[in-house]
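J.: Below is structure-v2.tsv; it holds TSV, C-alpha atoms.
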```tsv
chain	number	residue	atom	x	y	z
A	1	ALA	CA	25.85	12.57	-37.42
A	2	GLN	CA	27.70	9.33	-37.81
A	3	SER	CA	27.58	6.08	-35.94
A	4	VAL	CA	28.36	2.42	-36.32
A	5	THR	CA	26.51	-0.60	-35.00
A	6	GLN	CA	28.18	-3.97	-34.86
A	7	LEU	CA	25.29	-6.33	-34.60
A	8	ASP	CA	27.07	-9.19	-32.84
A	9	SER	CA	29.29	-8.79	-29.81
A	10	HIS	CA	30.53	-12.35	-30.19
A	11	VAL	CA	30.71	-14.77	-33.11
A	12	SER	CA	31.89	-18.38	-33.00
A	13	VAL	CA	32.70	-20.41	-36.10
A	14	SER	CA	34.39	-23.70	-36.77
A	15	GLU	CA	37.72	-23.70	-38.51
A	16	GLY	CA	37.26	-23.88	-42.26
A	17	THR	CA	33.72	-22.46	-42.24
A	18	PRO	CA	32.69	-19.00	-43.47
A	19	VAL	CA	32.91	-15.91	-41.31
A	20	LEU	CA	30.35	-13.11	-41.31
A	21	LEU	CA	30.76	-10.08	-39.07
A	22	ARG	CA	27.96	-7.57	-39.42
A	23	CYS	CA	28.23	-3.79	-39.40
A	24	ASN	CA	25.60	-1.14	-40.06
A	25	TYR	CA	26.44	2.53	-40.27
A	26	SER	CA	24.76	5.88	-40.18
A	27	SER	CA	26.31	8.88	-41.89
A	28	SER	CA	25.15	12.26	-43.12
A	29	TYR	CA	27.93	12.32	-45.68
A	30	SER	CA	29.46	9.88	-48.11
A	31	PRO	CA	31.39	7.84	-45.62
A	32	SER	CA	34.66	6.03	-45.57
A	33	LEU	CA	34.37	2.67	-43.86
A	34	PHE	CA	37.06	0.54	-42.31
A	35	TRP	CA	37.50	-2.83	-40.66
A	36	TYR	CA	40.29	-3.29	-38.14
A	37	VAL	CA	41.44	-6.40	-36.32
A	38	GLN	CA	42.98	-6.40	-32.87
A	39	HIS	CA	44.72	-9.40	-31.38
A	40	PRO	CA	45.11	-9.57	-27.59
A	41	ASN	CA	47.39	-6.88	-26.20
A	42	LYS	CA	48.13	-5.59	-29.68
A	43	GLY	CA	47.28	-2.46	-31.62
A	44	LEU	CA	44.84	-2.16	-34.49
A	45	GLN	CA	45.62	-3.62	-37.88
A	46	LEU	CA	43.75	-2.37	-40.93
A	47	LEU	CA	42.00	-5.21	-42.76
A	48	LEU	CA	40.36	-3.17	-45.50
A	49	LYS	CA	38.76	0.14	-46.28
A	50	TYR	CA	36.04	1.56	-48.50
A	51	THR	CA	36.51	5.09	-49.80
A	52	SER	CA	33.86	5.49	-52.52
A	53	ALA	CA	35.54	3.36	-55.16
A	54	ALA	CA	34.52	-0.27	-55.78
A	55	THR	CA	31.76	-1.42	-53.46
A	56	LEU	CA	33.33	-4.85	-52.99
A	57	VAL	CA	36.54	-4.34	-51.11
A	58	LYS	CA	39.18	-7.01	-50.75
A	59	GLY	CA	41.51	-6.87	-47.80
A	60	ILE	CA	44.31	-8.80	-46.24
A	61	ASN	CA	44.21	-12.41	-45.06
A	62	GLY	CA	41.33	-13.33	-47.35
A	63	PHE	CA	38.80	-10.90	-45.86
A	64	GLU	CA	36.46	-8.83	-47.93
A	65	ALA	CA	33.53	-6.50	-47.33
A	66	GLU	CA	30.74	-5.13	-49.46
A	67	PHE	CA	29.44	-1.59	-49.15
A	68	LYS	CA	25.66	-1.59	-49.57
A	69	LYS	CA	24.32	1.93	-49.48
A	70	SER	CA	20.68	0.86	-49.67
A	71	GLU	CA	21.12	-1.30	-46.57
A	72	THR	CA	23.68	1.03	-44.90
A	73	SER	CA	25.78	-2.04	-44.27
A	74	PHE	CA	29.43	-2.98	-44.55
A	75	HIS	CA	29.62	-6.61	-43.49
A	76	LEU	CA	32.96	-8.38	-43.26
A	77	THR	CA	33.29	-11.89	-44.68
A	78	LYS	CA	35.84	-14.61	-45.18
A	79	PRO	CA	35.17	-17.90	-46.97
A	80	SER	CA	37.13	-20.11	-44.60
A	81	ALA	CA	38.09	-19.28	-41.03
A	82	HIS	CA	41.55	-19.97	-39.74
A	83	MET	CA	42.58	-20.33	-36.12
A	84	SER	CA	44.70	-17.21	-36.43
A	85	ASP	CA	41.58	-15.18	-37.25
A	86	ALA	CA	40.46	-15.36	-33.62
A	87	ALA	CA	40.56	-11.74	-32.48
A	88	GLU	CA	38.49	-8.62	-31.89
A	89	TYR	CA	37.16	-6.84	-34.96
A	90	PHE	CA	36.13	-3.20	-35.15
A	91	CYS	CA	34.05	-1.48	-37.82
A	92	VAL	CA	34.74	2.25	-38.20
A	93	VAL	CA	32.96	5.00	-40.12
A	94	SER	CA	34.46	8.35	-40.98
A	95	ALA	CA	33.42	11.33	-43.06
A	96	THR	CA	36.81	12.95	-42.67
A	97	GLY	CA	40.05	11.48	-41.41
A	98	ASN	CA	39.72	13.59	-38.30
A	99	GLN	CA	36.67	11.86	-36.89
A	100	PHE	CA	36.57	8.13	-36.52
A	101	TYR	CA	33.50	6.47	-35.05
A	102	PHE	CA	34.17	3.00	-33.69
A	103	GLY	CA	31.74	0.17	-33.29
A	104	THR	CA	31.70	-1.70	-30.02
A	105	GLY	CA	33.61	-4.59	-31.51
A	106	THR	CA	32.93	-8.23	-32.35
A	107	SER	CA	34.92	-10.96	-30.73
A	108	LEU	CA	35.56	-13.83	-33.13
A	109	THR	CA	36.23	-17.30	-31.77
A	110	VAL	CA	37.40	-20.05	-34.10
A	111	ILE	CA	36.72	-23.57	-32.93
A	112	PRO	CA	39.17	-26.24	-34.06
B	1	GLY	CA	54.38	3.44	-45.53
B	2	ALA	CA	52.32	5.30	-42.90
B	3	VAL	CA	53.88	3.66	-39.86
B	4	VAL	CA	53.17	4.91	-36.36
B	5	SER	CA	55.18	3.82	-33.36
B	6	GLN	CA	54.59	4.14	-29.65
B	7	HIS	CA	57.04	4.02	-26.81
B	8	PRO	CA	57.05	2.35	-24.40
B	9	SER	CA	54.93	-0.65	-25.30
B	10	TRP	CA	54.36	-1.44	-21.62
B	11	VAL	CA	55.04	0.60	-18.52
B	12	ILE	CA	54.49	-0.18	-14.86
B	13	CYS	CA	54.66	2.67	-12.39
B	14	LYS	CA	53.85	3.48	-8.78
B	15	SER	CA	50.79	5.44	-7.83
B	16	GLY	CA	51.48	9.16	-7.74
B	17	THR	CA	54.17	9.20	-10.39
B	18	SER	CA	53.88	10.62	-13.88
B	19	VAL	CA	54.32	8.63	-17.06
B	20	LYS	CA	55.05	9.89	-20.56
B	21	ILE	CA	54.02	7.97	-23.67
B	22	GLU	CA	55.43	8.90	-27.06
B	23	CYS	CA	53.72	8.56	-30.41
B	24	ARG	CA	55.74	8.99	-33.58
B	25	SER	CA	54.87	8.96	-37.26
B	26	LEU	CA	57.92	7.31	-38.78
B	27	ASP	CA	57.58	7.94	-42.49
B	28	PHE	CA	55.13	10.79	-42.86
B	29	GLN	CA	54.28	14.11	-41.32
B	30	ALA	CA	51.15	13.93	-39.22
B	31	THR	CA	49.12	17.10	-39.15
B	32	THR	CA	46.78	15.61	-36.58
B	33	MET	CA	47.32	13.02	-33.88
B	34	PHE	CA	44.75	11.30	-31.72
B	35	TRP	CA	44.90	9.60	-28.36
B	36	TYR	CA	42.55	6.78	-27.46
B	37	ARG	CA	42.02	4.75	-24.34
B	38	GLN	CA	40.82	1.18	-24.35
B	39	PHE	CA	39.55	-0.76	-21.37
B	40	PRO	CA	39.63	-4.57	-21.45
B	41	LYS	CA	37.17	-6.07	-23.89
B	42	GLN	CA	35.85	-2.66	-24.87
B	43	SER	CA	36.12	-0.42	-27.89
B	44	LEU	CA	38.44	2.55	-28.24
B	45	MET	CA	37.46	5.79	-26.56
B	46	LEU	CA	38.79	9.00	-28.05
B	47	MET	CA	40.50	11.10	-25.41
B	48	ALA	CA	41.83	14.02	-27.39
B	49	THR	CA	42.80	15.35	-30.78
B	50	SER	CA	45.93	17.40	-31.28
B	51	ASN	CA	47.19	19.45	-34.18
B	52	GLU	CA	50.86	20.30	-34.44
B	53	GLY	CA	51.67	23.50	-32.63
B	54	SER	CA	48.20	23.88	-31.12
B	55	LYS	CA	46.59	22.96	-27.86
B	56	ALA	CA	44.86	19.61	-27.83
B	57	THR	CA	41.10	19.34	-27.97
B	58	TYR	CA	39.86	17.04	-25.24
B	59	GLU	CA	36.70	14.98	-25.34
B	60	GLN	CA	34.05	15.57	-22.74
B	61	GLY	CA	34.91	13.96	-19.44
B	62	VAL	CA	38.66	13.75	-20.08
B	63	GLU	CA	40.70	15.76	-17.56
B	64	LYS	CA	43.16	17.87	-19.49
B	65	ASP	CA	45.26	18.51	-16.39
B	66	LYS	CA	45.48	14.78	-15.80
B	67	PHE	CA	46.31	13.78	-19.36
B	68	LEU	CA	48.76	16.31	-20.79
B	69	ILE	CA	49.16	16.17	-24.54
B	70	ASN	CA	51.96	17.85	-26.44
B	71	HIS	CA	52.27	17.87	-30.22
B	72	ALA	CA	55.48	19.78	-30.70
B	73	SER	CA	56.36	18.53	-34.16
B	74	LEU	CA	54.75	16.93	-37.19
B	75	THR	CA	56.13	13.55	-36.22
B	76	LEU	CA	55.82	13.45	-32.44
B	77	SER	CA	53.04	13.69	-29.91
B	78	THR	CA	53.31	12.83	-26.23
B	79	LEU	CA	50.74	11.90	-23.64
B	80	THR	CA	51.74	12.42	-20.02
B	81	VAL	CA	49.60	10.81	-17.35
B	82	THR	CA	50.21	12.97	-14.29
B	83	SER	CA	49.97	11.64	-10.75
B	84	ALA	CA	48.89	8.27	-12.03
B	85	HIS	CA	46.48	6.14	-10.02
B	86	PRO	CA	45.45	2.51	-10.44
B	87	GLU	CA	42.26	3.56	-12.23
B	88	ASP	CA	44.44	5.08	-14.96
B	89	SER	CA	45.69	1.61	-15.83
B	90	SER	CA	44.62	0.99	-19.39
B	91	PHE	CA	45.73	0.46	-22.96
B	92	TYR	CA	46.52	3.76	-24.66
B	93	ILE	CA	46.58	3.92	-28.46
B	94	CYS	CA	47.61	6.83	-30.62
B	95	SER	CA	46.89	7.45	-34.27
B	96	ALA	CA	47.95	9.98	-36.85
B	97	SER	CA	46.46	11.45	-39.98
B	98	THR	CA	47.37	13.86	-42.74
B	99	TYR	CA	45.42	16.13	-45.03
B	100	GLN	CA	46.16	13.76	-47.89
B	101	HIS	CA	44.71	10.69	-46.24
B	102	ASN	CA	41.12	10.27	-45.23
B	103	GLU	CA	42.07	7.76	-42.57
B	104	GLN	CA	44.01	7.37	-39.36
B	105	PHE	CA	47.10	5.24	-38.93
B	106	PHE	CA	47.30	3.54	-35.56
B	107	GLY	CA	50.21	2.88	-33.28
B	108	PRO	CA	50.68	-0.50	-31.57
B	109	GLY	CA	49.48	0.78	-28.21
B	110	THR	CA	50.98	1.25	-24.76
B	111	ARG	CA	49.84	-0.73	-21.77
B	112	LEU	CA	49.99	1.29	-18.56
B	113	THR	CA	49.83	-0.50	-15.23
B	114	VAL	CA	49.72	1.66	-12.11
B	115	LEU	CA	50.44	-0.13	-8.86
```
Give the structure from this file in structure tokens form.
T.:
Amino acid sequence: AQSVTQLDSHVSVSEGTPVLLRCNYSSSYSPSLFWYVQHPNKGLQLLLKYTSAATLVKGINGFEAEFKKSETSFHLTKPSAHMSDAAEYFCVVSATGNQFYFGTGTSLTVIP
Amino acid sequence: GAVVSQHPSWVICKSGTSVKIECRSLDFQATTMFWYRQFPKQSLMLMATSNEGSKATYEQGVEKDKFLINHASLTLSTLTVTSAHPEDSSFYICSASTYQHNEQFFGPGTRLTVL
């Protein structure tokens, strides 16, 4: 069985400060893990993905995530938040491309 | 590469009418396509999975006679909302995958508003 828990439904940060969005997963198999961003009334944009290669994954727009098997975590970070980062973020786990398990999402607010 | 489009991006219709939403993989052949529904400020909910040339597999609680899915080719899947009602108003997102990719590629979504 697979599942994803996004530990924070809402995160607020000041512009220029670090961002941390937390995600824990459960998987019976070696999982693939993804982070997507969704701006209002838009579709999903892939930020980064982990597919059993390097555990530190760098994505677009300065985001990165580290796969920690011992902690079953895949937290998303960014050193310095920008106003344009304000959006909804989804963590996804998959054992095969045919089954995606979505987290409930984290809404990121960036305060000027 | 791996671009998925949806058409229309926004549709408004009267209650009782049917609406068709198209999902296309533009630069690859999608062996499997997925349809999701998203309510405001909520996560995506998988409605159904379709393989080209086969009947779609619907998730529990999704009415297959209400949400007709056709996957006639490797690049096109359609979702038809039949006899739409205001409670069908939602954001519908499709995605596509291939045997070569262990991931899904998402379309930009279609907002359906039923008056």
J.: Out of A:Leu48, A:Met83, A:Leu76, A:Ile111, which residue has the shortest atom-to-atom distance to A:Asp8 when counting only C-alpha atoms?
T.: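 So, comparing all the options, the nearest one is A:Leu76.
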J.: Tell me which residues come within 10 Å of (46.5, -10.6, -35.7), as a PyMOL selection string, counting all atoms listed in the file in the file's coordinates.
T.: chain A and resi 36-40+42-45+47+61+84-88
J.: So which residues touch stretch 19-30 of chain A within 8 Å, counting only C-alpha atoms, skipping near sequence neighbours fewer than 2 positions away, as a list of chain:residue names?
T.: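 The filter keeps A:Ala1, A:Gln2, A:Ser3, A:Val4, A:Thr5, A:Gln6, A:Leu7, A:Asp8, A:Val11, A:Val13, A:Thr17, A:Ser32, A:Ser52, A:Glu71, A:Thr72, A:Ser73, A:Phe74, A:His75, A:Leu76, A:Thr77, A:Lys78, A:Pro79, A:Ser80, A:Ala81, A:Cys91, A:Val93, A:Ala95, A:Thr106.
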J.: Would you work out the distance separating atom CA of A:Phe100 from atom CA of B:Gln100, expressed in Å to one decimal?
T.: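 Separating atom CA of A:Phe100 from atom CA of B:Gln100 is a distance of 15.9 Å.
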J.: Please determine, counting all atoms listed in the file, which residue among B:Val114, B:Val19, B:Met33, B:Val3 has the shortest atom-to-atom distance to B:Val81.
T.: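 Result for the nearest residue to B:Val81: B:Val19.
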J.: Using all atoms listed in the file and a cut-off of 6 Å, which residues of chain B sit close to chain A? Please list them as a count of residues only.
T.: 5
J.: What's around B:Lys66 at 8 Å? Count only C-alpha atoms, leave out sequence neighbours fewer than 6 positions away in its own chain, and write the answer as a list in words.
T.: Thr80, Val81, Thr82 and Ser83 of chain B
J.: Grab the atom CA of B:Leu68 to atom CA of B:Ala56 distance for me, in Å with one decimal place.
T.: 8.7 Å
